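See structure below.
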Amino acid sequence: MRRAAIVAPVRTPSGVEGGALSGMPPEWLASTVLSAVIDRSGIDPMRIEDVAMARVDGGAISAPELSRLAARGAGLPFAVPGFLTDRRCGSGLQAVITAAMMVQTGAADVVVAGGVECAADAVTGYGDPVRTGDLANAEDLARHYGISRADADEFAAASHRKAARAWRQGHFAAEVIPVGVVPEGHDWSDSHTDTASRHQILRDEGVREDVSARTLAALYPLISDGVVTTGNMSAHRHGAAACLVVAEDRLDELGLSPMAYLVGWAAAGCDSDTATLGAGPAVAKVLGRTGFTLDDVDLVEVNEGFAVEVLALAKEWDFDTRDRLNVNGSAIALGHPVGATGLRIMTTMLHELARTEGRYGLEAIALGHDHGIAALFESAATIPVATAPLGARFHGSRPRRFGRHRA
């Protein structure tokens, strides 16, 4: 079976509710990021066969129609159809996985995977019974694993510090594309050519360098005497991310340079009346399938839906949160554009692997309190030239570059 290569992963800056990206139609934001993938990769648009688009909130435009509109806006031919993937917070990652399965099985050679979110914050508000259940589970996790309010606030503050540091040091420069927005009252349909009326959004809007555990301690908990506040959980954001997923045996023919390969993935749930680690079973499943352990992985990216969830996983794994985990911050600082989050996390992780010359990256996302999704990627820049023996996994020799990424 052919390996699926990840080519030219990029993302937009994340926008806060009421910020510069709030007025952008989802199809326009999606076409912006798809255009960036095509331009950066240099691929002939005629060679792209399908668009796997993720968007959790349906909005006024259904996802299949959204993917077609985004494809047209990005200059793809009318022969490219487009379809929906939806797995809650992991929808963007599922779009990549579905595209990978298409190229692995020979159904296609080149597929664009994308995710976008431009919905109002109401779709993830606490009137939603699913979200309310997630909050209750987070509080159960805090009690079960002995995670204090101070622990959660410090983890959240560290997420902001890491993201702010990454921006200062230019670590996000390769992955974030500028987004041109038009002033209020302008027609979005004309904004593709009317460049004079647009200004550029270059940076994630929600990253706060001045956040500290002390300032977060002033917030009231969402449940009386609880641990979770609006400061130590993710906030809904606007944004998009995309990449090419290409069959390995077509890379040379197409003149494409891969950034990584998908090694394996898994989705899993659990049946329990007690506190549950949403992403935990999926991580155990993908590591078991691939024969890896956490010690084999250079970077671990866990979606920061709640600080408590990530801290509980770290305790379960006996994993130091200062070592290899969310080294440039995650959803608490960078935001949670639900349909794009899985792709945003993958994009950030793969660029960091390339920058630090790491080899393997693990992404994990809770899809609710009782199930999750995880995927393992291998950096293309560090793959050894030697061929693995048939039926064996070739580790090769490489320096260990774990180190510590302190906030």
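Ligands are numbered from 1 in the order shown, chains are lettered A, B, ... in the order of the structure tokens, and residues start at 1 in each chain.
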
List as a Markdown table every residue of region 28-147 of chain A that is in contact with region 315-320 of chain A, defined as an atom at most 12 Å from one of its atoms (using only C-alpha atoms), together with the nearest atom pair and the distance in Å rounded to one decimal, sorted by chain and then rising number.
| residue | atom | partner | partner_atom | distance |
| --- | --- | --- | --- | --- |
| A:Leu141 | CA | A:Lys315 | CA | 10.8 |
| A:Ala142 | CA | A:Lys315 | CA | 11.1 |
| A:His144 | CA | A:Lys315 | CA | 10.8 |
| A:Tyr145 | CA | A:Lys315 | CA | 7.5 |
| A:Gly146 | CA | A:Lys315 | CA | 9.7 |
| A:Ile147 | CA | A:Lys315 | CA | 9.6 |

What lies within 9 Å of Ile38 (chain A) using only C-alpha atoms, ignoring chain neighbours under 5 positions off, as a CSV table (one decimal) with C-alpha atoms, in the first residue's frame?
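The file below, selection.csv, is the result:
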chain,number,residue,atom,x,y,z
A,8,ALA,CA,2.8,22.2,2.0
A,33,VAL,CA,-5.8,28.7,2.5
A,43,ILE,CA,1.4,21.8,-8.2
A,44,ASP,CA,-0.6,22.0,-11.4
A,45,PRO,CA,-4.2,22.5,-10.2
A,74,ALA,CA,-8.8,28.7,-5.3
A,243,CYS,CA,-2.4,20.7,2.9
A,244,LEU,CA,-1.9,18.4,0.0

- Task: Rounded to one decimal place, report the CA of Asp109 (chain A)-CA of Glu253 (chain A) distance in Å.
- Result: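 Distance reported for this atom pair: 11.2 Å.
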
- Task: Once DSSP has gone over the backbone, tell me which residues of region 121-365 of chain A are in strand (DSSP E or B), as a VMD selection string.
- Result: chain A and resid 176 179 to 181 199 to 201 233 236 238 to 247 260 to 269 299 to 302 306 325 336 360 to 365

- Looking at A:Glu65, A:Glu27, A:Asp298, A:Glu49, which one is nearest to Ala247 (chain A), with distances taken over only C-alpha atoms?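 The answer is A:Glu49, which sits nearest to Ala247 (chain A).
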
- Query: as a PyMOL selection string, which residues of region 120-334 of chain A does DSSP assign to helix (DSSP H, G or I)?
  - Reply: chain A and resi 121-124+129-145+149-168+188-190+195-197+213-216+248-254+280-290+294-296+307-317+331-334

- Work out how far apart CA of Ala95 (chain A) and CA of Leu325 (chain A) are and give it in Å to one decimal. 23.5 Å

- Query: So which residues touch Ala99 (chain A) within 9 Å, counting only C-alpha atoms, skipping near sequence neighbours fewer than 3 positions away, as a ChimeraX atom specification?
  - Reply: /A:4,50-52,94-96,102-104,108,110-113,244-246

- Please indicate the distance in Å from CA of Gly170 (chain A) to CA of Gly115 (chain A), rounded to one decimal place.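 Between CA of Gly170 (chain A) and CA of Gly115 (chain A) the gap is 24.0 Å.
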
- Message: For Ala284 (chain A), find every residue with an atom within 10 Å (counting only C-alpha atoms), except residues of its own chain fewer than 2 positions away, and show them as a list in words.
- Response: Ala266, Ala267, Ala268, Ala279, Gly280, Pro281, Ala282, Val286, Leu287, Gly288, Arg289, Phe292, Thr293, Leu294 and Ala374 of chain A

With N, CA and C atoms retained, could you export that selection as a compact mmCIF listing (two decimals), in the first residue's frame?
# COMPACT_ATOMS: atom_id res chain seq x y z
N ALA A 266 -5.71 6.30 14.69
CA ALA A 266 -6.74 5.51 15.36
C ALA A 266 -7.75 6.43 16.00
N ALA A 267 -8.98 5.98 16.05
CA ALA A 267 -10.03 6.62 16.84
C ALA A 267 -10.55 5.57 17.81
N ALA A 268 -10.84 5.97 19.02
CA ALA A 268 -11.27 5.01 20.03
C ALA A 268 -12.09 5.71 21.09
N ALA A 279 -8.80 11.46 24.74
CA ALA A 279 -7.83 11.09 23.72
C ALA A 279 -6.99 9.89 24.11
N GLY A 280 -7.03 9.48 25.37
CA GLY A 280 -6.16 8.41 25.85
C GLY A 280 -6.31 7.09 25.12
N PRO A 281 -7.52 6.56 24.96
CA PRO A 281 -7.66 5.28 24.26
C PRO A 281 -7.18 5.33 22.81
N ALA A 282 -7.38 6.45 22.13
CA ALA A 282 -6.92 6.55 20.73
C ALA A 282 -5.40 6.54 20.66
N VAL A 286 -3.21 3.73 18.59
CA VAL A 286 -2.30 3.99 17.47
C VAL A 286 -0.87 3.58 17.82
N LEU A 287 -0.46 3.75 19.06
CA LEU A 287 0.88 3.30 19.44
C LEU A 287 0.97 1.77 19.39
N GLY A 288 -0.10 1.10 19.83
CA GLY A 288 -0.11 -0.36 19.77
C GLY A 288 -0.07 -0.88 18.35
N ARG A 289 -0.79 -0.22 17.44
CA ARG A 289 -0.82 -0.65 16.05
C ARG A 289 0.53 -0.46 15.36
N PHE A 292 5.07 1.71 18.34
CA PHE A 292 5.82 2.81 18.94
C PHE A 292 5.47 2.95 20.42
N THR A 293 6.32 3.68 21.13
CA THR A 293 6.02 4.14 22.49
C THR A 293 6.21 5.65 22.51
N LEU A 294 5.79 6.27 23.60
CA LEU A 294 5.97 7.72 23.71
C LEU A 294 7.44 8.11 23.69
N ALA A 374 -6.24 10.06 17.26
CA ALA A 374 -4.81 10.31 17.33
C ALA A 374 -4.15 9.87 16.03

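Minimum distance to Thr276 (chain A) across A:Arg143, A:His336, A:His238, A:Arg47 (counting only C-alpha atoms) occurs at A:Arg143.
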